[in-house]
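Visitor: Just dropping this structure here.
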Amino acid sequence: MLSFEQKLDRYAELAVKVGANVQTGQIFVINAMIDAAPLVQLLVRKGYEAGAKQVIVKYSDETVNRLRFEMAPEESFDELPKWHAAEMEELAENNAVFLTILSSSPDLMKGIDPSRISANQRSFGQAMAKYRQYLQADKMSWTGIACPSADWAAKVFPDLPQAEQMNQLWDAIFAAVRADVEDPIAAWEQHIERLESRAVALNNKKYHALHYISPGTDLTIELPEGHIWAQAGSVNERGTPFVANIPTEEVYTAPAKYGVNGTVTSTKPLSYGGSIIDRFTLTFEKGRIVDFHAEEGHETLERLISMDEGSQYLGEVALVPFHSPISESGILYYTTLYDENASCHLAIGSSYASNIEGGKTMSPEELAERGMNSSITHVDFMMGSPETDIYGITASGDREPIFLKGNWAF
């Protein structure tokens with residue numbers, strides 16, 4: 001049996017060699033909470049061993065972040081962090097590779113005025129528009145991983161003794177990312193090949209639309225002409241492969257901005273900006289959200305949807321079978337990186353340029369002409385279940401099953 005240290009080392013190896021795929025001479029940028037320092041230090045070592053010329057670490061602190069939202073003057077949340085955006089853009093333009101470690105408490109901002117959170121999200125999103133375009137067009141390599149924190153572990157495993165919560169979350173993460181197998185890198189290569197085979201099959205179909213049916217959901221999503229189904233294994237503009245999310249179980253594409261009609265109901269809580277949105281429904285007409293309701297986090301959902309014009313439309317359609325490792329673990333993680341890989345999901349906000357033929361080199365105006373959505377936000381929410389049926393609708397109107405009872409039908 002592998003020790004904790006062995007599994008942690010393999011996890012870091014996956015993050016650097018498969019996720020970020022750090023190349024000789026690159027700048028390696030790591031964003032993390034201070035709680036993740038031991039993992040960060042290991043990643044820094046792995047980064048230099050992979051040939052990085054410099055590893056830049058940017059730490060945040062949950063307590064400090066919360067204090068700002070509690071005590072800073074109102075107007076500070078409307079100020080655009082242009083200095084931060086300029087730094088990130090310059091790094092991206094110089095072929096830096098980016099790794100983000102998620103570990104925040106899902107309830108970090110509980111009790112904070114939602115108007116402060118949304119103002120901060122809006123100003124940050126506006127400032128980071130160019131960097132986000134780079135990211136969604138795969139200009140540079142980037143990846144996201146997770147690291148347990150005490151508050152997050154307590155949220156996921158509230159019934160366990162406090163001393164066991166962190167260990168249990170670490171074990172769950174190691175299993176989800178395949179760090180507990182003999183050869184994790186080989187396991188990931190095989191996994192990406194399986195996902196790619198699904199994407200290829202869907203691309204060969206060239207469906208005109210998808211029809212989702214499940215309890216509380218009856219939704220039709222048209223797909224733009226020339227849409228591309230992809231998986232998290234991608235290639236940056238210099239031809240270097242990377243994996244954007246570790247873990248990942250999805251294949252995804254972009255919807256036609258004005259081609260979404262019907263109602264969808266969430267199936268898992270959404271952790272957004274340090275708050276929880278749960279048990280919510282969205283109703284669409286010609287792509288736009290025209291009605292919504294949430295039993296928890298209604299005001300937060302309202303502010304998300306009103307972030308800008310594009311946040312009233314969808315930007316991603318992702319397929320994840322119920323019979324997948326994270327789903328079958330039965331664990332609710334309260335973080336999108338994991339929960340989106342246990343359920344089919346959709347995203348409110350911007351589309352990925354990589355999901356349309358030629359999109360990586362298109363201007364925002366050209367992408368809009370092709371039916372792609374643009375927004376300062378991109379927020380995934382989970383809506384799949386064991387009762388989800390999804391049908392592909394061909395250009396001639398024929399219906400073919402893609403998912404039946406929550407799993408692939410082919």
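Every chain in the structure tokens has a letter given in the order shown (A, B, ...), and although residue numbers restart at 1 in each chain, ligands are simply numbered from 1 in the order shown.
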Hey, what's within 10 Å of Ala154 (chain A) if we count only C-alpha atoms and toss same-chain stuff fewer than 3 positions away? As a list in words, please?

Guide: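 Contacts, with the query itself left out: Ser105, Pro148, Ser149, Ala150, Asp151, Phe157, Pro158, Asp159, Leu160, Pro161, Gln162, Ala163, Glu164, Gln165, Met166 and Leu169 of chain A.
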
Visitor: Could you please take those selected residues and save all heavy atoms as a short mmCIF file (atom, residue, chain, number, x, y, z; two decimals), in the first residue's frame?

Guide:
```cif
data_model
loop_
_atom_site.label_atom_id
_atom_site.label_comp_id
_atom_site.auth_asym_id
_atom_site.auth_seq_id
_atom_site.Cartn_x
_atom_site.Cartn_y
_atom_site.Cartn_z
N SER A 105 -12.94 27.26 1.71
CA SER A 105 -14.19 26.81 2.32
C SER A 105 -15.37 27.20 1.45
O SER A 105 -15.45 28.36 1.01
CB SER A 105 -14.35 27.44 3.71
OG SER A 105 -15.68 27.28 4.17
N PRO A 148 -6.97 19.82 0.23
CA PRO A 148 -7.88 19.97 1.37
C PRO A 148 -7.48 21.10 2.31
O PRO A 148 -6.30 21.38 2.51
CB PRO A 148 -7.76 18.61 2.09
CG PRO A 148 -7.31 17.66 1.04
CD PRO A 148 -6.39 18.46 0.16
N SER A 149 -8.48 21.75 2.86
CA SER A 149 -8.30 22.66 3.98
C SER A 149 -9.23 22.18 5.09
O SER A 149 -10.17 21.42 4.83
CB SER A 149 -8.66 24.09 3.59
OG SER A 149 -10.04 24.20 3.28
N ALA A 150 -8.98 22.61 6.30
CA ALA A 150 -9.78 22.12 7.43
C ALA A 150 -11.25 22.46 7.27
O ALA A 150 -12.13 21.61 7.50
CB ALA A 150 -9.23 22.70 8.73
N ASP A 151 -11.56 23.68 6.85
CA ASP A 151 -12.96 24.09 6.71
C ASP A 151 -13.65 23.34 5.58
O ASP A 151 -14.82 22.96 5.69
CB ASP A 151 -13.05 25.60 6.47
CG ASP A 151 -12.75 26.41 7.72
OD1 ASP A 151 -12.76 25.82 8.81
OD2 ASP A 151 -12.50 27.62 7.59
N PHE A 157 -17.24 16.27 5.09
CA PHE A 157 -17.40 15.13 6.01
C PHE A 157 -17.81 15.60 7.41
O PHE A 157 -17.08 15.40 8.39
CB PHE A 157 -16.11 14.31 6.08
CG PHE A 157 -15.68 13.71 4.78
CD1 PHE A 157 -14.57 14.21 4.10
CD2 PHE A 157 -16.38 12.66 4.22
CE1 PHE A 157 -14.17 13.66 2.90
CE2 PHE A 157 -15.99 12.10 3.00
CZ PHE A 157 -14.89 12.60 2.33
N PRO A 158 -18.97 16.22 7.55
CA PRO A 158 -19.37 16.80 8.84
C PRO A 158 -19.60 15.76 9.93
O PRO A 158 -19.55 16.10 11.12
CB PRO A 158 -20.66 17.54 8.50
CG PRO A 158 -21.22 16.81 7.31
CD PRO A 158 -20.01 16.41 6.52
N ASP A 159 -19.87 14.52 9.55
CA ASP A 159 -20.18 13.49 10.54
C ASP A 159 -18.94 12.76 11.07
O ASP A 159 -19.04 11.96 12.00
CB ASP A 159 -21.15 12.45 9.95
CG ASP A 159 -22.49 13.08 9.55
OD1 ASP A 159 -22.89 14.05 10.22
OD2 ASP A 159 -23.09 12.61 8.58
N LEU A 160 -17.79 13.04 10.49
CA LEU A 160 -16.56 12.41 10.95
C LEU A 160 -15.92 13.23 12.07
O LEU A 160 -16.10 14.45 12.13
CB LEU A 160 -15.55 12.29 9.80
CG LEU A 160 -15.83 11.26 8.71
CD1 LEU A 160 -14.72 11.30 7.68
CD2 LEU A 160 -15.97 9.87 9.29
N PRO A 161 -15.17 12.57 12.94
CA PRO A 161 -14.40 13.33 13.93
C PRO A 161 -13.45 14.29 13.22
O PRO A 161 -12.93 13.98 12.14
CB PRO A 161 -13.62 12.25 14.68
CG PRO A 161 -14.40 11.00 14.47
CD PRO A 161 -15.02 11.12 13.11
N GLN A 162 -13.24 15.45 13.79
CA GLN A 162 -12.43 16.47 13.15
C GLN A 162 -11.05 15.94 12.74
O GLN A 162 -10.54 16.28 11.67
CB GLN A 162 -12.25 17.67 14.09
CG GLN A 162 -11.53 18.85 13.45
CD GLN A 162 -11.50 20.06 14.36
OE1 GLN A 162 -11.99 20.02 15.49
NE2 GLN A 162 -10.92 21.15 13.89
N ALA A 163 -10.47 15.08 13.56
CA ALA A 163 -9.13 14.56 13.29
C ALA A 163 -9.10 13.70 12.03
O ALA A 163 -8.03 13.51 11.43
CB ALA A 163 -8.63 13.76 14.48
N GLU A 164 -10.25 13.16 11.61
CA GLU A 164 -10.30 12.27 10.45
C GLU A 164 -10.72 12.96 9.16
O GLU A 164 -10.57 12.40 8.07
CB GLU A 164 -11.27 11.11 10.73
CG GLU A 164 -10.87 10.22 11.89
CD GLU A 164 -11.89 9.12 12.15
OE1 GLU A 164 -12.67 8.82 11.22
OE2 GLU A 164 -11.92 8.59 13.27
N GLN A 165 -11.26 14.16 9.26
CA GLN A 165 -11.85 14.82 8.09
C GLN A 165 -10.82 15.09 7.00
O GLN A 165 -11.07 14.80 5.82
CB GLN A 165 -12.54 16.12 8.52
CG GLN A 165 -13.79 15.88 9.36
CD GLN A 165 -14.31 17.15 10.01
OE1 GLN A 165 -13.60 18.17 10.11
NE2 GLN A 165 -15.56 17.10 10.46
N MET A 166 -9.69 15.65 7.37
CA MET A 166 -8.67 15.98 6.36
C MET A 166 -8.14 14.72 5.68
O MET A 166 -7.98 14.69 4.45
CB MET A 166 -7.53 16.74 7.02
CG MET A 166 -7.85 18.19 7.34
SD MET A 166 -7.74 19.27 5.88
CE MET A 166 -5.97 19.44 5.74
N LEU A 169 -10.62 13.42 3.15
CA LEU A 169 -10.68 14.22 1.92
C LEU A 169 -9.44 13.99 1.06
O LEU A 169 -9.54 13.91 -0.17
CB LEU A 169 -10.85 15.70 2.26
CG LEU A 169 -11.09 16.65 1.07
CD1 LEU A 169 -12.20 16.15 0.16
CD2 LEU A 169 -11.38 18.06 1.55
#
```

Visitor: Please provide the set of residues having any atom within 6 Å of Gly19 (chain A), restricted to only C-alpha atoms, with same-chain residues fewer than 4 positions apart removed, written as a list in words.

Guide: Ala15, Thr143, Phe242 and Val243 of chain A

Visitor: Ranking A:Asp389, A:Pro114, A:His227, A:Ser354 by minimum distance to His298 (chain A) and counting only C-alpha atoms, which one comes first?

Guide: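 For His298 (chain A), the nearest of the candidates is A:Pro114.
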
Visitor: Please run DSSP on the backbone and report, as a PyMOL selection string, all residues within region 1-229 of chain A that come out as strand (DSSP E).

Guide: chain A and resi 27-33+54-60+97-102+142-146+209-214+217-222

Visitor: Between A:Thr263, A:Ser118, A:Ser275, A:Ser343, which has the minimum distance to Tyr212 (chain A) (counting only C-alpha atoms)?

Guide: A:Thr263

Visitor: Using only C-alpha atoms, determine which residues lie at most 12 Å from region 94-96 of chain A, disregarding the query and same-chain residues fewer than 3 positions distant; provide the list as a PyMOL selection string.

Guide: chain A and resi 20-30+52-56+87-91+99+134-135+138-142+236-240

Visitor: Would you write out those residues with N, CA and C atoms, as a tab-separated table (two decimals), in the first residue's frame?

Guide:
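Below is the file that was written, selection-v3.tsv:
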```tsv
chain	number	residue	atom	x	y	z
A	20	ALA	N	-0.24	20.76	-15.95
A	20	ALA	CA	0.46	21.94	-16.48
A	20	ALA	C	1.41	21.57	-17.60
A	21	ASN	N	2.03	20.40	-17.53
A	21	ASN	CA	3.04	19.95	-18.49
A	21	ASN	C	4.11	21.02	-18.68
A	22	VAL	N	4.77	21.34	-17.58
A	22	VAL	CA	5.81	22.37	-17.57
A	22	VAL	C	6.95	21.97	-18.51
A	23	GLN	N	7.35	22.91	-19.36
A	23	GLN	CA	8.41	22.69	-20.32
A	23	GLN	C	9.70	23.42	-19.92
A	24	THR	N	10.81	22.95	-20.44
A	24	THR	CA	12.11	23.58	-20.16
A	24	THR	C	12.08	25.05	-20.56
A	25	GLY	N	12.51	25.91	-19.63
A	25	GLY	CA	12.60	27.34	-19.91
A	25	GLY	C	11.34	28.13	-19.65
A	26	GLN	N	10.26	27.47	-19.23
A	26	GLN	CA	9.00	28.17	-18.97
A	26	GLN	C	8.98	28.81	-17.58
A	27	ILE	N	8.17	29.85	-17.45
A	27	ILE	CA	7.80	30.38	-16.14
A	27	ILE	C	6.57	29.61	-15.67
A	28	PHE	N	6.60	29.14	-14.45
A	28	PHE	CA	5.53	28.32	-13.87
A	28	PHE	C	4.89	29.14	-12.75
A	29	VAL	N	3.60	29.47	-12.92
A	29	VAL	CA	2.89	30.32	-11.96
A	29	VAL	C	1.91	29.48	-11.16
A	30	ILE	N	2.01	29.51	-9.83
A	30	ILE	CA	1.14	28.74	-8.95
A	30	ILE	C	0.33	29.70	-8.09
A	52	ALA	N	11.57	24.30	-15.42
A	52	ALA	CA	11.10	25.68	-15.32
A	52	ALA	C	12.27	26.61	-15.02
A	53	LYS	N	12.28	27.79	-15.66
A	53	LYS	CA	13.34	28.75	-15.37
A	53	LYS	C	13.02	29.59	-14.15
A	54	GLN	N	11.72	29.69	-13.83
A	54	GLN	CA	11.30	30.39	-12.61
A	54	GLN	C	9.92	29.88	-12.20
A	55	VAL	N	9.74	29.65	-10.91
A	55	VAL	CA	8.43	29.29	-10.38
A	55	VAL	C	7.95	30.44	-9.51
A	56	ILE	N	6.84	31.03	-9.89
A	56	ILE	CA	6.26	32.17	-9.16
A	56	ILE	C	5.07	31.66	-8.36
A	87	GLU	N	-0.27	41.95	-15.30
A	87	GLU	CA	0.76	40.96	-14.99
A	87	GLU	C	0.41	39.60	-15.60
A	88	MET	N	-0.85	39.17	-15.43
A	88	MET	CA	-1.26	37.87	-15.95
A	88	MET	C	-1.20	37.83	-17.47
A	89	GLU	N	-1.60	38.92	-18.12
A	89	GLU	CA	-1.54	38.99	-19.58
A	89	GLU	C	-0.10	38.89	-20.07
A	90	GLU	N	0.79	39.61	-19.40
A	90	GLU	CA	2.20	39.59	-19.81
A	90	GLU	C	2.79	38.19	-19.65
A	91	LEU	N	2.48	37.55	-18.53
A	91	LEU	CA	2.97	36.20	-18.31
A	91	LEU	C	2.44	35.24	-19.39
A	99	LEU	N	-1.00	27.20	-12.80
A	99	LEU	CA	-1.64	26.16	-12.00
A	99	LEU	C	-2.34	26.81	-10.82
A	134	TYR	N	-7.49	34.65	-23.64
A	134	TYR	CA	-6.30	33.82	-23.85
A	134	TYR	C	-6.56	32.39	-23.36
A	135	LEU	N	-7.11	32.29	-22.15
A	135	LEU	CA	-7.34	30.99	-21.53
A	135	LEU	C	-8.33	30.16	-22.34
A	138	ASP	N	-6.93	28.67	-25.44
A	138	ASP	CA	-5.76	27.81	-25.24
A	138	ASP	C	-4.47	28.47	-25.72
A	139	LYS	N	-4.36	29.77	-25.53
A	139	LYS	CA	-3.11	30.46	-25.89
A	139	LYS	C	-1.96	29.89	-25.07
A	140	MET	N	-2.22	29.64	-23.79
A	140	MET	CA	-1.19	29.12	-22.91
A	140	MET	C	-1.72	27.87	-22.21
A	141	SER	N	-0.84	27.17	-21.49
A	141	SER	CA	-1.26	25.99	-20.73
A	141	SER	C	-1.71	26.42	-19.34
A	142	TRP	N	-2.74	25.72	-18.84
A	142	TRP	CA	-3.26	26.04	-17.51
A	142	TRP	C	-3.96	24.82	-16.95
A	236	ASN	N	-1.81	23.94	-26.41
A	236	ASN	CA	-1.70	25.40	-26.48
A	236	ASN	C	-1.21	25.84	-27.85
A	237	GLU	N	-1.09	27.17	-28.06
A	237	GLU	CA	-0.78	27.68	-29.39
A	237	GLU	C	0.63	27.30	-29.87
A	238	ARG	N	1.47	26.85	-28.94
A	238	ARG	CA	2.82	26.41	-29.31
A	238	ARG	C	2.90	24.91	-29.52
A	239	GLY	N	1.74	24.24	-29.45
A	239	GLY	CA	1.70	22.81	-29.71
A	239	GLY	C	1.99	21.92	-28.52
A	240	THR	N	1.98	22.49	-27.31
A	240	THR	CA	2.27	21.71	-26.11
A	240	THR	C	0.96	21.21	-25.49
```

Visitor: Would you compute the distance between CA of Ile34 (chain A) and CA of Met109 (chain A)? Give it in Å to one decimal.

Guide: 17.5 Å

Visitor: Using Å and a single decimal, report how far CA of Thr217 (chain A) sits from CA of Glu309 (chain A).

Guide: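 Rounded to one decimal, the two atoms are 23.9 Å apart.
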
Visitor: Please list as a PDB file with C-alpha atoms, in the first residue's frame every residue within 6 Å of Leu314 (chain A), counting only C-alpha atoms and excluding residues in the same chain fewer than 3 positions away.

Guide:
```
ATOM      1  CA  ALA A 347     -22.179  26.834 -17.723  1.00  0.00           C
ATOM      2  CA  ILE A 348     -23.625  30.300 -17.407  1.00  0.00           C
ATOM      3  CA  GLY A 349     -21.477  32.828 -19.264  1.00  0.00           C
TER       4      GLY A 349
END
```

Visitor: Pick the closest to Gly310 (chain A) from A:His191, A:Arg45, A:Arg288, A:Lys155: which is it, counting only C-alpha atoms?

Guide: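 Closest candidate: A:Arg288.
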
Visitor: Distance CA of Gln41 (chain A)-CA of Tyr11 (chain A), one decimal place?

Guide: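 Here the two named atoms are 12.9 Å from each other.
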
Visitor: If you run DSSP on the backbone here, which positions in region 172-377 of chain A get alpha helix (DSSP H)? Please write them as a ChimeraX atom specification.

Guide: /A:172-176,184-205,298-305,325-328,336-339,364-369

Visitor: Could those residues be written to a file, using N, CA and C atoms, as a short mmCIF file (atom, residue, chain, number, x, y, z; two decimals), in the first residue's frame?

Guide:
```cif
data_model
loop_
_atom_site.label_atom_id
_atom_site.label_comp_id
_atom_site.auth_asym_id
_atom_site.auth_seq_id
_atom_site.Cartn_x
_atom_site.Cartn_y
_atom_site.Cartn_z
N ALA A 172 -9.93 10.75 -0.74
CA ALA A 172 -10.91 10.90 -1.83
C ALA A 172 -10.28 11.59 -3.04
N ILE A 173 -9.46 12.59 -2.79
CA ILE A 173 -8.79 13.31 -3.88
C ILE A 173 -7.79 12.41 -4.58
N PHE A 174 -6.99 11.69 -3.81
CA PHE A 174 -6.01 10.79 -4.43
C PHE A 174 -6.69 9.75 -5.33
N ALA A 175 -7.84 9.23 -4.87
CA ALA A 175 -8.56 8.24 -5.68
C ALA A 175 -9.14 8.89 -6.94
N ALA A 176 -9.68 10.08 -6.81
CA ALA A 176 -10.32 10.75 -7.95
C ALA A 176 -9.33 11.10 -9.04
N PRO A 184 0.35 6.46 -12.29
CA PRO A 184 -0.69 7.46 -12.53
C PRO A 184 -0.61 8.12 -13.91
N ILE A 185 0.60 8.37 -14.39
CA ILE A 185 0.71 9.06 -15.68
C ILE A 185 0.18 8.17 -16.81
N ALA A 186 0.51 6.88 -16.78
CA ALA A 186 -0.03 5.96 -17.79
C ALA A 186 -1.55 5.86 -17.67
N ALA A 187 -2.05 5.84 -16.44
CA ALA A 187 -3.50 5.78 -16.22
C ALA A 187 -4.18 7.01 -16.81
N TRP A 188 -3.54 8.17 -16.69
CA TRP A 188 -4.12 9.39 -17.24
C TRP A 188 -4.07 9.39 -18.76
N GLU A 189 -3.02 8.87 -19.33
CA GLU A 189 -2.95 8.80 -20.79
C GLU A 189 -4.09 7.94 -21.33
N GLN A 190 -4.36 6.82 -20.67
CA GLN A 190 -5.46 5.95 -21.10
C GLN A 190 -6.81 6.63 -20.89
N HIS A 191 -6.94 7.35 -19.78
CA HIS A 191 -8.20 8.04 -19.48
C HIS A 191 -8.50 9.11 -20.52
N ILE A 192 -7.51 9.91 -20.88
CA ILE A 192 -7.70 10.96 -21.88
C ILE A 192 -8.06 10.34 -23.23
N GLU A 193 -7.46 9.20 -23.57
CA GLU A 193 -7.80 8.51 -24.82
C GLU A 193 -9.27 8.09 -24.83
N ARG A 194 -9.77 7.60 -23.68
CA ARG A 194 -11.18 7.20 -23.61
C ARG A 194 -12.10 8.40 -23.79
N LEU A 195 -11.77 9.49 -23.15
CA LEU A 195 -12.59 10.70 -23.30
C LEU A 195 -12.55 11.20 -24.73
N GLU A 196 -11.38 11.15 -25.33
CA GLU A 196 -11.24 11.63 -26.71
C GLU A 196 -12.07 10.78 -27.67
N SER A 197 -12.18 9.47 -27.40
CA SER A 197 -12.99 8.62 -28.28
C SER A 197 -14.45 9.04 -28.23
N ARG A 198 -14.93 9.47 -27.05
CA ARG A 198 -16.31 9.98 -26.94
C ARG A 198 -16.46 11.28 -27.73
N ALA A 199 -15.48 12.17 -27.58
CA ALA A 199 -15.55 13.44 -28.29
C ALA A 199 -15.55 13.23 -29.80
N VAL A 200 -14.72 12.32 -30.28
CA VAL A 200 -14.66 12.04 -31.71
C VAL A 200 -15.99 11.50 -32.22
N ALA A 201 -16.60 10.61 -31.45
CA ALA A 201 -17.89 10.04 -31.86
C ALA A 201 -18.96 11.13 -31.99
N LEU A 202 -18.98 12.05 -31.04
CA LEU A 202 -19.96 13.14 -31.09
C LEU A 202 -19.65 14.11 -32.23
N ASN A 203 -18.37 14.39 -32.45
CA ASN A 203 -18.01 15.28 -33.55
C ASN A 203 -18.41 14.68 -34.90
N ASN A 204 -18.32 13.38 -35.02
CA ASN A 204 -18.72 12.73 -36.28
C ASN A 204 -20.22 12.83 -36.52
N LYS A 205 -21.00 12.92 -35.44
CA LYS A 205 -22.46 13.01 -35.57
C LYS A 205 -22.92 14.39 -36.06
N HIS A 298 -30.89 32.52 -3.52
CA HIS A 298 -31.64 33.14 -4.62
C HIS A 298 -31.01 34.47 -5.03
N GLU A 299 -30.67 35.31 -4.05
CA GLU A 299 -30.11 36.63 -4.38
C GLU A 299 -28.74 36.49 -5.04
N THR A 300 -27.95 35.53 -4.58
CA THR A 300 -26.64 35.30 -5.20
C THR A 300 -26.81 34.86 -6.64
N LEU A 301 -27.77 33.97 -6.90
CA LEU A 301 -28.04 33.53 -8.27
C LEU A 301 -28.50 34.71 -9.13
N GLU A 302 -29.36 35.54 -8.57
CA GLU A 302 -29.85 36.70 -9.31
C GLU A 302 -28.69 37.61 -9.73
N ARG A 303 -27.77 37.82 -8.82
CA ARG A 303 -26.63 38.69 -9.12
C ARG A 303 -25.68 38.05 -10.13
N LEU A 304 -25.55 36.73 -10.08
CA LEU A 304 -24.74 36.04 -11.07
C LEU A 304 -25.34 36.22 -12.46
N ILE A 305 -26.64 36.02 -12.56
CA ILE A 305 -27.31 36.11 -13.86
C ILE A 305 -27.27 37.54 -14.42
N PRO A 325 -16.00 7.72 -11.70
CA PRO A 325 -15.41 7.55 -10.37
C PRO A 325 -15.89 8.54 -9.32
N ILE A 326 -15.97 9.81 -9.65
CA ILE A 326 -16.35 10.81 -8.65
C ILE A 326 -17.82 10.68 -8.28
N SER A 327 -18.66 10.42 -9.28
CA SER A 327 -20.07 10.22 -9.01
C SER A 327 -20.28 9.00 -8.11
N GLU A 328 -19.62 7.89 -8.46
CA GLU A 328 -19.84 6.66 -7.72
C GLU A 328 -19.22 6.68 -6.32
N THR A 336 -16.77 23.07 -7.61
CA THR A 336 -17.13 22.74 -8.98
C THR A 336 -16.11 21.83 -9.64
N LEU A 337 -14.82 22.01 -9.35
CA LEU A 337 -13.79 21.19 -9.96
C LEU A 337 -14.11 19.70 -9.82
N TYR A 338 -14.67 19.31 -8.68
CA TYR A 338 -15.00 17.90 -8.45
C TYR A 338 -16.45 17.58 -8.80
N ASP A 339 -17.38 18.40 -8.32
CA ASP A 339 -18.80 18.08 -8.53
C ASP A 339 -19.20 18.10 -9.99
N PRO A 364 -13.36 38.41 -30.96
CA PRO A 364 -14.63 38.29 -30.25
C PRO A 364 -15.84 38.52 -31.15
N GLU A 365 -15.69 39.43 -32.10
CA GLU A 365 -16.80 39.72 -33.02
C GLU A 365 -17.08 38.53 -33.93
N GLU A 366 -16.02 37.89 -34.40
CA GLU A 366 -16.19 36.72 -35.26
C GLU A 366 -16.82 35.56 -34.49
N LEU A 367 -16.41 35.39 -33.24
CA LEU A 367 -17.00 34.33 -32.42
C LEU A 367 -18.48 34.59 -32.20
N ALA A 368 -18.84 35.84 -31.96
CA ALA A 368 -20.25 36.19 -31.76
C ALA A 368 -21.07 35.87 -33.00
N GLU A 369 -20.51 36.13 -34.17
CA GLU A 369 -21.21 35.85 -35.42
C GLU A 369 -21.46 34.36 -35.60
#
```

Visitor: Restricting the calculation to only C-alpha atoms: of A:Ser396, A:Ser103, A:Asn355, A:Thr388, which residue gets closest to Glu225 (chain A)?

Guide: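 When distances to Glu225 (chain A) are compared using only C-alpha atoms, the smallest one comes from A:Asn355.
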
Visitor: In terms of the shortest atom-to-atom distance over only C-alpha atoms, which of A:Ala395, A:Ser324, A:Phe98, A:Trp152 is closest to Asp35 (chain A)?

Guide: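 Looking only at the distances to Asp35 (chain A), the closest residue turns out to be A:Trp152.
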
Visitor: So which residues touch Asp218 (chain A) within 10 Å, counting only C-alpha atoms, skipping near sequence neighbours fewer than 5 positions away, as an MDAnalysis selection string?

Guide: chainID A and resid 211:213 261:265 283 389:390

Visitor: Emit the selected residues as a PDB file, in the first residue's frame, including C-alpha atoms.

Guide:
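Output file part34.pdb follows:
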```
ATOM      1  CA  HIS A 211     -32.753  17.441 -25.872  1.00  0.00           C
ATOM      2  CA  TYR A 212     -32.468  16.894 -22.096  1.00  0.00           C
ATOM      3  CA  ILE A 213     -35.251  15.146 -20.163  1.00  0.00           C
ATOM      4  CA  ASN A 261     -35.266  26.767 -24.782  1.00  0.00           C
ATOM      5  CA  GLY A 262     -36.995  25.126 -21.829  1.00  0.00           C
ATOM      6  CA  THR A 263     -36.328  24.584 -18.128  1.00  0.00           C
ATOM      7  CA  VAL A 264     -33.417  22.998 -16.288  1.00  0.00           C
ATOM      8  CA  THR A 265     -33.203  22.025 -12.604  1.00  0.00           C
ATOM      9  CA  THR A 283     -36.035  28.831 -17.691  1.00  0.00           C
ATOM     10  CA  ASP A 389     -31.924  11.134 -20.794  1.00  0.00           C
ATOM     11  CA  ILE A 390     -30.237  13.128 -23.561  1.00  0.00           C
TER      12      ILE A 390
END
```

Visitor: Using only C-alpha atoms, can you tell me which of A:Tyr59, A:Phe77, A:Phe124, A:Tyr258 comes closest to Arg370 (chain A)?

Guide: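 With only C-alpha atoms as the atom set, the closest residue is A:Tyr258.
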
Visitor: Please provide as a list of chain:residue names all residues within 8 Å of Leu270 (chain A), with the sequence filter that same-chain residues fewer than 2 positions apart are discarded (counting only C-alpha atoms).

Guide: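 These residues fall inside the cut-off: A:Lys268, A:Tyr272, A:Ile276, A:Ile277, A:Asp278, A:Tyr334, A:Thr335, A:Thr336, A:Phe381, A:Met382.
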
Visitor: So that I can see what lies close to Gly384 (chain A), please list as a list in words the residues with an atom at most 7 Å from it, counting only C-alpha atoms and leaving out residues fewer than 5 positions away in the same chain.

Guide: Thr267, Ser343, Cys344, His345 and Gly406 of chain A
